[in-house]
Structures are given as C-alpha cells and as structure tokens.
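A.B. asks: Contents of upload-v8.cif (mmCIF, C-alpha atoms and all ligand atoms):
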data_upload
loop_
_atom_site.label_atom_id
_atom_site.label_comp_id
_atom_site.auth_asym_id
_atom_site.auth_seq_id
_atom_site.Cartn_x
_atom_site.Cartn_y
_atom_site.Cartn_z
CA MET A 817 77.71 -102.12 57.45
CA ALA A 818 80.10 -99.28 56.54
CA VAL A 819 79.20 -95.91 57.98
CA PRO A 820 80.84 -92.91 56.29
CA PHE A 821 81.43 -89.86 58.49
CA LEU A 822 80.09 -87.53 55.85
CA ASP A 823 78.73 -87.52 52.31
CA VAL A 824 78.67 -84.08 50.75
CA SER A 825 77.17 -85.38 47.51
CA GLN A 826 73.98 -86.56 49.28
CA SER A 827 72.38 -83.14 48.84
CA TYR A 828 73.30 -83.16 45.17
CA ARG A 829 71.64 -86.51 44.63
CA GLN A 830 68.55 -85.32 46.51
CA LEU A 831 68.23 -82.09 44.50
CA ALA A 832 70.01 -82.94 41.23
CA THR A 833 67.30 -81.80 38.81
CA GLN A 834 66.65 -78.52 40.62
CA ILE A 835 70.34 -77.74 40.96
CA GLN A 836 71.05 -78.54 37.33
CA SER A 837 68.29 -76.36 35.97
CA ALA A 838 69.19 -73.47 38.29
CA LEU A 839 72.83 -73.72 37.18
CA ILE A 840 71.85 -73.76 33.52
CA HIS A 841 69.77 -70.64 34.08
CA THR A 842 72.74 -68.83 35.68
CA LEU A 843 75.10 -70.05 32.97
CA GLU A 844 72.79 -68.81 30.25
CA GLN A 845 72.24 -65.46 31.96
CA GLY A 846 75.96 -64.82 31.73
CA GLN A 847 76.66 -62.96 35.01
CA TYR A 848 79.22 -65.05 36.85
CA VAL A 849 80.65 -62.62 39.42
CA LEU A 850 78.61 -60.12 41.52
CA GLY A 851 75.56 -60.97 39.45
CA GLN A 852 71.89 -61.51 40.05
CA ALA A 853 72.23 -65.02 41.48
CA LEU A 854 74.50 -63.70 44.24
CA GLU A 855 72.11 -60.87 45.01
CA GLN A 856 69.21 -63.30 45.24
CA PHE A 857 71.04 -65.62 47.59
CA GLU A 858 72.18 -62.69 49.74
CA HIS A 859 68.56 -61.59 49.96
CA ASP A 860 67.32 -65.06 50.87
CA PHE A 861 70.01 -65.72 53.47
CA ALA A 862 69.50 -62.33 55.14
CA GLU A 863 65.78 -63.07 55.28
CA TYR A 864 66.36 -66.57 56.66
CA THR A 865 68.65 -65.29 59.44
CA HIS A 866 66.48 -62.22 60.13
CA THR A 867 69.31 -59.80 59.51
CA ARG A 868 69.18 -56.76 57.27
CA TYR A 869 72.24 -57.46 55.14
CA CYS A 870 74.13 -60.43 53.79
CA ILE A 871 77.44 -59.93 51.97
CA GLY A 872 78.75 -62.93 50.04
CA VAL A 873 82.52 -63.47 50.07
CA GLY A 874 84.95 -66.14 48.91
CA THR A 875 85.36 -68.23 52.08
CA GLY A 876 84.51 -68.38 55.77
CA LEU A 877 88.04 -67.31 56.63
CA ASP A 878 87.61 -64.23 54.45
CA ALA A 879 84.27 -63.47 56.10
CA LEU A 880 86.06 -63.27 59.46
CA LYS A 881 89.14 -61.50 58.15
CA LEU A 882 87.37 -58.88 56.06
CA THR A 883 85.07 -57.99 58.95
CA LEU A 884 88.04 -57.41 61.26
CA GLN A 885 89.60 -55.30 58.48
CA ALA A 886 86.40 -53.36 58.02
CA TRP A 887 86.61 -52.47 61.71
CA ASP A 888 90.24 -51.37 61.29
CA ILE A 889 91.45 -54.00 63.69
CA GLY A 890 95.14 -54.73 63.24
CA VAL A 891 98.60 -54.40 64.73
CA GLY A 892 98.55 -53.51 68.43
CA ASP A 893 94.96 -54.69 68.92
CA GLU A 894 93.78 -57.74 70.86
CA VAL A 895 90.94 -60.00 69.81
CA ILE A 896 89.52 -62.61 72.18
CA VAL A 897 89.07 -66.04 70.56
CA PRO A 898 88.12 -69.45 71.98
CA SER A 899 91.11 -71.66 72.80
CA HIS A 900 89.13 -74.57 71.38
CA THR A 901 88.02 -73.79 67.83
CA ALA A 902 88.83 -74.43 64.19
CA PHE A 903 92.20 -72.99 63.17
CA PRO A 904 90.73 -70.33 60.78
CA THR A 905 89.15 -68.45 63.71
CA TRP A 906 92.64 -67.68 65.01
CA LEU A 907 94.03 -67.26 61.53
CA ALA A 908 91.67 -64.37 60.79
CA VAL A 909 93.00 -62.52 63.84
CA THR A 910 96.67 -63.03 63.07
CA ALA A 911 96.13 -62.35 59.35
CA VAL A 912 95.14 -58.76 60.14
CA GLY A 913 98.12 -58.43 62.51
CA ALA A 914 96.14 -58.50 65.77
CA GLN A 915 96.94 -60.57 68.85
CA PRO A 916 94.68 -63.58 69.62
CA VAL A 917 93.79 -63.75 73.31
CA PRO A 918 92.61 -67.28 74.12
CA TRP A 919 89.37 -67.88 75.99
CA GLU A 920 88.93 -71.29 77.60
CA PRO A 921 85.83 -73.48 77.96
CA LYS A 922 84.90 -74.85 81.36
CA GLY A 923 84.95 -78.48 82.52
CA HIS A 924 83.75 -80.85 79.83
CA GLU A 925 82.11 -78.11 77.78
CA TYR A 926 83.41 -77.25 74.33
CA HIS A 927 82.37 -73.61 74.16
CA ALA A 928 84.30 -70.72 75.60
CA ASP A 929 82.86 -69.88 79.01
CA PRO A 930 81.06 -66.48 79.06
CA ASP A 931 81.89 -66.15 82.76
CA LEU A 932 85.60 -66.02 81.89
CA LEU A 933 85.23 -63.32 79.23
CA GLU A 934 85.37 -60.19 81.31
CA GLU A 935 88.74 -60.91 82.91
CA LEU A 936 90.37 -61.24 79.45
CA ILE A 937 89.42 -57.72 78.40
CA THR A 938 92.23 -55.14 78.43
CA PRO A 939 92.45 -51.57 77.10
CA ARG A 940 93.77 -53.07 73.84
CA THR A 941 90.82 -55.41 73.32
CA ARG A 942 88.86 -54.43 70.21
CA ALA A 943 86.66 -57.47 69.59
CA VAL A 944 85.59 -60.90 70.72
CA ILE A 945 84.83 -63.83 68.41
CA PRO A 946 82.36 -66.25 70.00
CA VAL A 947 82.34 -69.46 67.95
CA HIS A 948 79.09 -71.41 67.71
CA LEU A 949 81.08 -74.60 67.64
CA TYR A 950 79.63 -77.95 66.54
CA GLY A 951 76.30 -76.25 65.74
CA GLN A 952 75.48 -74.94 69.20
CA CYS A 953 75.34 -71.24 69.94
CA VAL A 954 77.30 -69.58 72.71
CA ASP A 955 75.03 -67.81 75.23
CA MET A 956 75.02 -64.52 73.33
CA GLN A 957 72.94 -62.60 75.83
CA VAL A 958 75.77 -62.82 78.37
CA VAL A 959 78.47 -62.11 75.76
CA GLN A 960 76.60 -59.08 74.43
CA HIS A 961 76.09 -57.68 77.91
CA ILE A 962 79.81 -57.85 78.72
CA ALA A 963 80.94 -56.62 75.30
CA ARG A 964 78.62 -53.59 75.40
CA ARG A 965 79.81 -52.67 78.88
CA HIS A 966 83.43 -52.62 77.67
CA ASP A 967 82.67 -51.20 74.23
CA ILE A 968 84.18 -54.07 72.26
CA LEU A 969 82.84 -55.47 68.99
CA ILE A 970 81.32 -58.93 68.62
CA LEU A 971 82.01 -61.05 65.54
CA GLU A 972 80.12 -64.34 65.71
CA ASP A 973 81.86 -67.24 63.97
CA ALA A 974 78.78 -69.02 62.62
CA ALA A 975 80.61 -71.32 60.20
CA GLN A 976 79.15 -74.38 61.95
CA ALA A 977 75.79 -72.92 62.96
CA HIS A 978 73.45 -72.47 59.99
CA GLY A 979 69.99 -72.54 61.55
CA ALA A 980 71.19 -72.45 65.17
CA LYS A 981 69.84 -69.86 67.58
CA SER A 982 70.79 -68.23 70.86
CA HIS A 983 67.76 -67.16 72.92
CA GLY A 984 65.61 -67.46 69.79
CA HIS A 985 67.84 -65.43 67.49
CA HIS A 986 70.11 -66.45 64.63
CA PRO A 987 73.78 -65.43 64.61
CA GLY A 988 74.05 -61.81 63.49
CA PHE A 989 71.38 -60.61 65.94
CA TRP A 990 73.37 -60.45 69.18
CA GLY A 991 76.70 -59.72 67.55
CA ASP A 992 77.74 -56.76 65.40
CA ALA A 993 78.26 -59.26 62.59
CA ALA A 994 78.26 -62.98 61.94
CA ALA A 995 80.70 -64.77 59.64
CA TRP A 996 79.53 -67.84 57.72
CA SER A 997 81.28 -70.53 55.73
CA PHE A 998 79.57 -72.56 53.04
CA TYR A 999 82.43 -75.02 52.65
CA PRO A 1000 80.89 -78.25 51.27
CA SER A 1001 80.80 -80.10 54.60
CA LYS A 1002 78.98 -77.36 56.54
CA ASN A 1003 75.27 -77.70 57.36
CA LEU A 1004 74.60 -75.43 54.38
CA GLY A 1005 77.39 -76.14 51.93
CA ALA A 1006 78.25 -75.03 48.41
CA PHE A 1007 80.02 -77.31 45.94
CA GLY A 1008 83.24 -75.41 46.38
CA ASP A 1009 84.38 -72.55 48.61
CA ALA A 1010 81.99 -69.80 49.68
CA GLY A 1011 81.32 -67.56 52.67
CA ALA A 1012 79.25 -64.60 53.84
CA ILE A 1013 78.79 -61.99 56.52
CA THR A 1014 75.39 -61.07 57.97
CA THR A 1015 74.85 -57.83 59.87
CA ASN A 1016 72.29 -55.15 60.65
CA ASP A 1017 74.94 -52.44 60.30
CA ARG A 1018 74.67 -50.55 57.03
CA ALA A 1019 78.08 -48.87 57.32
CA LEU A 1020 79.72 -52.25 57.81
CA ARG A 1021 77.90 -53.64 54.79
CA ASN A 1022 79.12 -50.76 52.63
CA ARG A 1023 82.66 -51.23 53.82
CA LEU A 1024 82.53 -54.98 53.11
CA HIS A 1025 81.22 -54.29 49.61
CA LEU A 1026 84.39 -52.30 49.01
CA LEU A 1027 86.74 -54.74 50.71
CA ARG A 1028 85.55 -57.80 48.78
CA ASN A 1029 85.99 -56.05 45.43
CA TYR A 1030 89.41 -54.29 45.26
CA GLY A 1031 88.06 -51.44 47.37
CA SER A 1032 85.67 -50.49 44.63
CA THR A 1033 81.92 -50.32 44.06
CA VAL A 1034 82.13 -48.18 40.94
CA LYS A 1035 84.21 -49.93 38.30
CA TYR A 1036 87.83 -48.69 38.18
CA VAL A 1037 87.27 -46.29 41.09
CA ASN A 1038 89.11 -47.59 44.17
CA GLU A 1039 88.27 -46.06 47.54
CA ILE A 1040 90.49 -48.32 49.66
CA ALA A 1041 93.05 -51.05 49.07
CA GLY A 1042 90.69 -54.02 49.20
CA SER A 1043 90.91 -57.69 48.24
CA ASN A 1044 89.24 -59.93 45.72
CA SER A 1045 86.89 -62.19 47.67
CA ARG A 1046 83.46 -62.71 46.17
CA LEU A 1047 80.94 -65.51 46.50
CA ASP A 1048 80.67 -66.53 42.86
CA ASP A 1049 77.30 -66.75 41.20
CA LEU A 1050 77.40 -70.47 40.43
CA GLN A 1051 77.96 -71.28 44.11
CA ALA A 1052 75.27 -68.75 45.07
CA THR A 1053 72.89 -70.51 42.68
CA ILE A 1054 73.51 -73.86 44.38
CA LEU A 1055 73.17 -72.36 47.87
CA ARG A 1056 69.89 -70.73 46.95
CA VAL A 1057 68.42 -74.06 45.83
CA LYS A 1058 69.67 -75.74 49.01
CA LEU A 1059 68.63 -73.12 51.59
CA PRO A 1060 64.93 -74.14 51.77
CA TYR A 1061 66.05 -77.67 52.74
CA LEU A 1062 68.36 -76.59 55.56
CA GLU A 1063 65.69 -76.89 58.26
CA SER A 1064 64.80 -80.45 57.27
CA TRP A 1065 68.47 -81.44 57.14
CA ASN A 1066 69.01 -79.92 60.58
CA ALA A 1067 65.94 -81.78 61.91
CA CYS A 1068 67.51 -84.97 60.60
CA ARG A 1069 70.73 -84.18 62.48
CA GLN A 1070 68.71 -83.50 65.65
CA HIS A 1071 66.97 -86.85 65.31
CA ILE A 1072 70.33 -88.66 65.06
CA ALA A 1073 71.72 -86.62 67.98
CA GLN A 1074 68.69 -87.59 70.07
CA ARG A 1075 69.34 -91.26 69.35
CA TYR A 1076 73.01 -90.93 70.33
CA LEU A 1077 72.12 -89.00 73.49
CA THR A 1078 69.52 -91.55 74.59
CA GLU A 1079 71.05 -94.82 73.48
CA LEU A 1080 74.63 -94.08 74.56
CA ARG A 1081 73.71 -92.88 78.03
CA GLN A 1082 74.95 -96.02 79.82
CA THR A 1083 78.49 -95.90 78.44
CA SER A 1084 81.86 -94.55 79.52
CA LEU A 1085 81.62 -91.89 76.81
CA ILE A 1086 81.24 -88.26 77.83
CA LEU A 1087 78.26 -87.01 75.84
CA PRO A 1088 77.75 -83.34 74.92
CA SER A 1089 75.61 -81.51 77.46
CA THR A 1090 72.40 -79.91 76.25
CA ARG A 1091 69.12 -79.10 77.91
CA ASP A 1092 67.26 -79.73 74.68
CA VAL A 1093 68.44 -81.53 71.54
CA ARG A 1094 67.02 -78.66 69.43
CA GLU A 1095 69.47 -76.20 71.01
CA SER A 1096 72.02 -77.33 68.45
CA VAL A 1097 72.03 -77.98 64.70
CA TRP A 1098 74.67 -80.69 65.32
CA HIS A 1099 77.25 -79.80 62.74
CA VAL A 1100 79.33 -82.26 64.76
CA PHE A 1101 78.32 -84.77 67.43
CA PRO A 1102 81.30 -84.75 69.82
CA VAL A 1103 82.01 -87.33 72.49
CA GLN A 1104 85.01 -87.68 74.77
CA HIS A 1105 86.69 -90.84 75.96
CA ARG A 1106 89.80 -91.41 78.07
CA ASP A 1107 91.07 -93.92 75.52
CA ARG A 1108 90.04 -91.95 72.46
CA ASP A 1109 92.65 -93.24 70.01
CA ARG A 1110 91.91 -96.89 70.78
CA LEU A 1111 88.17 -96.16 70.45
CA GLN A 1112 88.73 -94.56 67.07
CA ARG A 1113 90.74 -97.55 65.83
CA TYR A 1114 88.06 -99.93 67.10
CA LEU A 1115 85.29 -98.02 65.32
CA ASN A 1116 87.37 -97.89 62.18
CA ASP A 1117 87.73 -101.68 62.28
CA CYS A 1118 83.91 -101.87 62.55
CA GLY A 1119 83.65 -99.73 59.40
CA VAL A 1120 82.53 -96.65 61.33
CA GLN A 1121 84.37 -93.57 60.19
CA THR A 1122 85.07 -90.84 62.76
CA LEU A 1123 87.05 -87.59 62.86
CA ILE A 1124 88.73 -85.52 65.55
CA HIS A 1125 87.73 -81.85 65.85
CA TYR A 1126 90.52 -80.88 66.40
CA PRO A 1127 93.66 -82.93 67.10
CA ILE A 1128 95.96 -79.93 67.77
CA ALA A 1129 94.76 -76.82 69.60
CA PRO A 1130 95.50 -73.60 67.67
CA HIS A 1131 97.97 -72.26 70.27
CA LEU A 1132 100.16 -75.39 69.89
CA GLN A 1133 100.25 -75.33 66.08
CA ARG A 1134 103.69 -74.82 64.59
CA ALA A 1135 102.33 -71.79 62.76
CA TYR A 1136 101.96 -70.07 66.15
CA GLN A 1137 105.28 -71.04 67.71
CA HIS A 1138 106.20 -67.35 67.80
CA LEU A 1139 103.20 -66.56 70.02
CA GLY A 1140 105.04 -68.37 72.83
CA PHE A 1141 102.37 -70.72 74.18
CA LYS A 1142 103.65 -73.92 75.85
CA PRO A 1143 101.91 -77.27 76.35
CA GLY A 1144 99.86 -76.88 79.51
CA SER A 1145 99.11 -73.19 79.00
CA LEU A 1146 95.50 -73.86 77.94
CA PRO A 1147 94.70 -77.14 79.67
CA ILE A 1148 91.03 -77.46 78.70
CA ALA A 1149 91.60 -76.94 74.98
CA GLU A 1150 94.51 -79.38 75.14
CA SER A 1151 92.43 -81.99 76.95
CA ILE A 1152 89.67 -81.72 74.34
CA ALA A 1153 92.27 -82.20 71.59
CA GLN A 1154 93.33 -85.43 73.32
CA HIS A 1155 89.90 -86.86 74.09
CA GLU A 1156 87.35 -85.62 71.56
CA LEU A 1157 85.93 -87.87 68.85
CA SER A 1158 83.22 -86.88 66.35
CA LEU A 1159 80.64 -89.53 65.47
CA PRO A 1160 79.10 -89.84 62.00
CA MET A 1161 76.45 -87.15 61.62
CA GLY A 1162 74.33 -85.82 58.80
CA PRO A 1163 71.31 -86.36 56.58
CA HIS A 1164 73.22 -88.99 54.59
CA LEU A 1165 72.87 -91.54 57.41
CA THR A 1166 70.14 -94.20 57.48
CA GLU A 1167 68.55 -95.42 60.73
CA ASP A 1168 70.41 -98.71 60.29
CA GLN A 1169 73.74 -96.93 59.98
CA VAL A 1170 73.05 -94.98 63.17
CA THR A 1171 72.16 -98.29 64.87
CA THR A 1172 75.50 -99.73 63.71
CA VAL A 1173 77.41 -96.82 65.24
CA ILE A 1174 75.53 -97.21 68.52
CA GLN A 1175 76.02 -100.99 68.68
CA CYS A 1176 79.76 -100.66 68.08
CA LEU A 1177 80.02 -98.04 70.80
CA LEU A 1178 78.02 -100.15 73.25
CA ALA A 1179 80.33 -103.09 72.58
CA PHE A 1180 83.42 -100.96 73.25
CA ALA A 1181 82.44 -98.56 75.96
CA ARG A 1182 79.62 -100.05 78.01
C1 LIG B 1201 84.93 -73.96 58.40
C2 LIG B 1201 85.22 -72.98 59.46
C3 LIG B 1201 85.83 -71.75 59.20
C4 LIG B 1201 86.44 -71.40 57.86
O1 LIG B 1201 85.62 -71.49 56.77
P1 LIG B 1201 86.26 -71.69 55.31
O2 LIG B 1201 85.10 -71.46 54.41
O3 LIG B 1201 86.78 -73.09 55.25
O4 LIG B 1201 87.33 -70.67 55.14
C5 LIG B 1201 85.96 -70.83 60.22
N1 LIG B 1201 85.53 -71.11 61.46
C6 LIG B 1201 84.97 -72.31 61.78
C7 LIG B 1201 84.50 -72.54 63.18
C8 LIG B 1201 84.80 -73.28 60.78
O5 LIG B 1201 84.26 -74.45 61.12
#
In structure tokens, what does this structure look like?
Ligand SMILES: *Cc1c(COP(=O)(O)O)cnc(C)c1O
C.D. replies:
Amino acid sequence: MAVPFLDVSQSYRQLATQIQSALIHTLEQGQYVLGQALEQFEHDFAEYTHTRYCIGVGTGLDALKLTLQAWDIGVGDEVIVPSHTAFPTWLAVTAVGAQPVPWEPKGHEYHADPDLLEELITPRTRAVIPVHLYGQCVDMQVVQHIARRHDILILEDAAQAHGAKSHGHHPGFWGDAAAWSFYPSKNLGAFGDAGAITTNDRALRNRLHLLRNYGSTVKYVNEIAGSNSRLDDLQATILRVKLPYLESWNACRQHIAQRYLTELRQTSLILPSTRDVRESVWHVFPVQHRDRDRLQRYLNDCGVQTLIHYPIAPHLQRAYQHLGFKPGSLPIAESIAQHELSLPMGPHLTEDQVTTVIQCLLAFAR
C-alpha cells in the first residue's frame, strides 16, 4: 500500500462545496485585495488564537520580515534564531540586514534550549525568534522571563504551530508577536501563499498595516516606504472556511502521533520526546536514526514516502557562506540534519496506511 507523505488536496475534497460557494461569494462581491473576506478571516483567526489583532500578509516569510522591520531592526542589530529551523526564519533576519545569532537545541531535542538563551544576549541583541518547530511550542514562560529581563523583543515563528499552545496559550500571547504561514502544507493551509501576524500590540498592528501596503492606509498617502504584501481575499476566503476544522485535523494528527509513539517504542529509532501527545499539533513527526539515508531508501521501496526537515542546516547553506560558519560550529543542528527523518503525517492518512508505515519500520529497525 502506497503511503504519501502529504496530500494538500484532502481538505479541498472534504470541504469542496463549502469552499466553492464561499469563493463564488467573494468573486461576486468584487473586493479582491484588502476586502471584507480578509477582514473576516483576520477577525476569526485573532479570536481563535485569543489575540487582539491579526494582520494578513503575503507569506510566512513576510510575516517575520515585516515584523522585524516594524520594530526597526536592521543593520548592526543581532537577532537570536534557532540553529535548527526552516531556512526562512534566518532569511527574515538577514533580509532586514541584521545578524542571526544561532541558538542550539540540547541532546536529541529539536527545539532551541531556553537554558542557553541568556548567554547569547549581547548589548546588540534586539529580538529572539523562538520557533515552534514541528508543531510543538517552545517553553515560552522561560523565554519571556529572560527576554523581559534583558529588554529584547520576542517574535514567535508559529508557521508550524496552528493550534499549538505553550502553558495553555496560543502563539502571540507570550511573545510580542507571532508570525504565521498558511502555505498549503501547513496545518492550516491556503491554496497558494499566505501569512499573518498576530499580536496584542496596537502600535505594531498599525505599523504592519502601513508596511504591507506601500506604507499607506489612506490611498495615495504614503507615511513610510513599505512593501506590497497582502493576504489576498480569495485565500482568506478559503482559510476562513477551513479554520473551524483545524482542531479536528490536529486531533487526527495527534491520534497518528500516538500510534507512532506507542507502536514504534521497541525500535532503534529515536522518537520525539513529549510528556503528552497533545502538547504538539504534529506538523511533522520527526524520528532520528543512525542510518537515516538507508532507512529512507528502504521506506521508499516499501512505498512509504518520507521527507527530511531539513537536510542542510541554515548556517551551512551556500547563501550564508559570508557569515563564516564552518562544519562543526553548530554540532547539534548538524547532527539533526544528518539523522532526522519525517514520517507521513496528516489527516489524509487512513489507519491502514499508518499500520503500513509502522510495519515497515518494525521490519527495518526492530
Ligand atoms: C513555512 C515556514 C516559514 C515560511 O513560510 P512561507 O509562507 O513559506 O514564507 C517560516 N518558518 C517556518 C518554521 C516555516 O515552517
């Protein structure tokens, strides 16, 4: 039985009639940019995450980048970022001209270690970007405590964490802002590019409204030199139909994660550590294995599709040659890049498909 890693059209098939009629409504209304559909989604997403404001932008990368810009972070500033994360987290920092300061996880964990944060802070540090990687939140209570003591800003990268919580609160509560991506493969995905920022800070919201729209809120009056980065109304329409189903899709991911955690216990795989399966919304189910590449080929031969998140750590990407990092400079991130493998995960999977994945893994790695 073939097991696809992902199927972004599953949600379309599930909700086709609702999505089609909502899209027709938006099409007929005739507001395609900064219209009512966007406002309604921004309202709904702010309500869902219990934050005061949601500002829709073009992509998750823009959500990060525009927030740093709104805070006037740029050349000469340092921003602390996890050494193990998706490339766009770093890209947002370098795009505004600031210096990324890498923050390592500990042991076999994937998340940057809050205990290592304080020693990375210098007089140039302006912000820290905790990334709620793979759907699990960083311990934000600890991060907030340290950041407040040193007067640095917190931008949560929540691109993989729709529905996830830290100490009972969604991203955007502990941080000064949270950046979201609605790229199709995310837990809440549009059918194209889309992103947003959530925050309780009114001044930041106003600034982001300018930045996403040429620096203007009154047509043809430009306060600052902004960009063009808006969540378009057709994507907002789709996201608004999908949002009420997010919790059930996440529950489905948690059910699959629970099966992996239980049924793969007696193998040579390193499973992700959690106290409770509901701590994460399992954007990705990561495992590690000493012979990762052979494992991936074996699974592929069984028809089980897997991915690596991520095969090259940001500091070793060619794009960052000029930053001067050498292999070995961030050993934990580099080890994850060599050993991590992401198993099929998502509401598209049937129980039988999950069983197939587990049986293949038991045959390889018992
Ligand atoms: C997807 C992702 C982004 C970027 O989002 P885009 O919408 O693709 O620009 C940023 N950070 C993380 C952790 C992501 O997974």
A.B. asks: Using all atoms listed in the file, what are the residues with an atom within 7 Å of ligand LIG 1201 (chain B), set out as a CSV table (one decimal) with C-alpha atoms, in the frame of the given file?
C.D. replies:
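Saved result, pocket-v8.csv, follows:
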chain,number,residue,atom,x,y,z
A,875,THR,CA,85.4,-68.2,52.1
A,876,GLY,CA,84.5,-68.4,55.8
A,877,LEU,CA,88.0,-67.3,56.6
A,878,ASP,CA,87.6,-64.2,54.4
A,901,THR,CA,88.0,-73.8,67.8
A,902,ALA,CA,88.8,-74.4,64.2
A,904,PRO,CA,90.7,-70.3,60.8
A,905,THR,CA,89.2,-68.4,63.7
A,947,VAL,CA,82.3,-69.5,68.0
A,949,LEU,CA,81.1,-74.6,67.6
A,973,ASP,CA,81.9,-67.2,64.0
A,974,ALA,CA,78.8,-69.0,62.6
A,975,ALA,CA,80.6,-71.3,60.2
A,976,GLN,CA,79.2,-74.4,62.0
A,997,SER,CA,81.3,-70.5,55.7
A,998,PHE,CA,79.6,-72.6,53.0
A,999,TYR,CA,82.4,-75.0,52.6
A,1009,ASP,CA,84.4,-72.6,48.6
A,1010,ALA,CA,82.0,-69.8,49.7
A,1011,GLY,CA,81.3,-67.6,52.7
A.B. asks: Restricting the calculation to all atoms listed in the file: of A:Glu934, A:Asp1168, A:Gly984, A:His924, which residue gets closest to A:Leu1087?
C.D. replies: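 For A:Leu1087, the nearest of the given residues is A:His924.
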A.B. asks: What's around A:Tyr1126 at 10 Å? Count all atoms listed in the file, leave out sequence neighbours fewer than 3 positions away in its own chain, and write the answer as a list in words.
C.D. replies: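 Here the answer would be His900, Thr901, Ala902, Phe903, Leu1123, Ala1129, Pro1130, Ala1149, Glu1150, Ile1152, Ala1153, Gln1154, His1155, Glu1156, Leu1157 and Ser1158 of chain A.
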A.B. asks: Work out how far apart atom CA of A:Gly851 and atom CA of A:Asp1048 are and give it in Å to one decimal.
C.D. replies: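 Between these atoms lies a distance of 8.3 Å.
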A.B. asks: I'd like the contact shell of stretch 1179-1182 of chain A - 7 Å cut-off, all atoms listed in the file, skipping same-chain residues fewer than 4 positions apart - returned as a PyMOL selection string.
C.D. replies: chain A and resi 1082-1085+1175
A.B. asks: Could you check which of A:Gln1133, A:Lys1058, A:Pro1088, A:Arg1075 is closest to A:Gln830, using all atoms listed in the file?
C.D. replies: A:Lys1058
A.B. asks: For A:Pro1060, work out the shell of residues within 12 Å, counting all atoms listed in the file and skipping chain neighbours fewer than 4 positions away, then give it as a list in words.
C.D. replies: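 These residues fall inside the cut-off: Leu831, Phe857, Asp860, Phe861, Glu863, Tyr864, His978, Gly979, Leu1004, Ile1054, Leu1055, Arg1056, Ser1064, Trp1065 and Asn1066 of chain A.
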A.B. asks: Name the closest residue to A:Tyr1136 among the candidates A:Thr883, A:Thr1078, A:Asn1022, A:Gln915; distances are taken between atoms, counting all atoms listed in the file.
C.D. replies: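 Closest to A:Tyr1136, using all atoms listed in the file: A:Gln915.
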A.B. asks: Atom CA of A:His948 and atom CA of A:Pro987 are how many Å apart?
C.D. replies: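 Between these atoms lies a distance of 8.6 Å.
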A.B. asks: Excluding A:Gly991 and residues on its chain fewer than 4 positions from it, collect all residues at most 8 Å away from it, counting all atoms listed in the file, and give them as a ChimeraX atom specification.
C.D. replies: /A:956,960,969-972,987
A.B. asks: Within 6 Å of (80.7, -63.6, 76.4) in the file's own coordinates, which protein, DNA or RNA residues have an atom, counting only C-alpha atoms? List them as a list of chain:residue names.
C.D. replies: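 Using only C-alpha atoms, the matching residues come out as A:Pro930, A:Leu933, A:Val958, A:Val959.
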A.B. asks: Could you tell me how far atom CA of A:Pro1163 lies from atom CA of A:Tyr950, in Å and to one decimal?
C.D. replies: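 Interatomic distance, atom CA of A:Pro1163 to atom CA of A:Tyr950: 15.5 Å.
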A.B. asks: Identify which of the residues A:Val897, A:Val912, A:Leu1080, A:Ala994 lies closest to A:Leu1177, counting all atoms listed in the file when measuring atom-to-atom distances.
C.D. replies: A:Leu1080
A.B. asks: Give me the residues near A:Gly1042 as a short mmCIF file (atom, residue, chain, number, x, y, z; two decimals) with C-alpha atoms, keeping the file's coordinate frame, where near means some atom within 12 Å (using only C-alpha atoms) and where sequence neighbours in that chain fewer than 4 positions away do not count.
C.D. replies:
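What ended up in result-v2.cif:
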data_model
loop_
_atom_site.label_atom_id
_atom_site.label_comp_id
_atom_site.auth_asym_id
_atom_site.auth_seq_id
_atom_site.Cartn_x
_atom_site.Cartn_y
_atom_site.Cartn_z
CA ASP A 878 87.61 -64.23 54.45
CA LYS A 881 89.14 -61.50 58.15
CA LEU A 882 87.37 -58.88 56.06
CA THR A 883 85.07 -57.99 58.95
CA GLN A 885 89.60 -55.30 58.48
CA ALA A 886 86.40 -53.36 58.02
CA ARG A 1023 82.66 -51.23 53.82
CA LEU A 1024 82.53 -54.98 53.11
CA HIS A 1025 81.22 -54.29 49.61
CA LEU A 1026 84.39 -52.30 49.01
CA LEU A 1027 86.74 -54.74 50.71
CA ARG A 1028 85.55 -57.80 48.78
CA ASN A 1029 85.99 -56.05 45.43
CA TYR A 1030 89.41 -54.29 45.26
CA GLY A 1031 88.06 -51.44 47.37
CA SER A 1032 85.67 -50.49 44.63
CA THR A 1033 81.92 -50.32 44.06
CA VAL A 1037 87.27 -46.29 41.09
CA ASN A 1038 89.11 -47.59 44.17
CA ARG A 1046 83.46 -62.71 46.17
#
A.B. asks: Taking into account all atoms listed in the file, which residue in the set A:Asp1107, A:Asp1049, A:Glu1063, A:Glu1079 is nearest to A:Leu843?
C.D. replies: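 Of A:Asp1107, A:Asp1049, A:Glu1063, A:Glu1079, the one nearest A:Leu843 is A:Asp1049, counting all atoms listed in the file.
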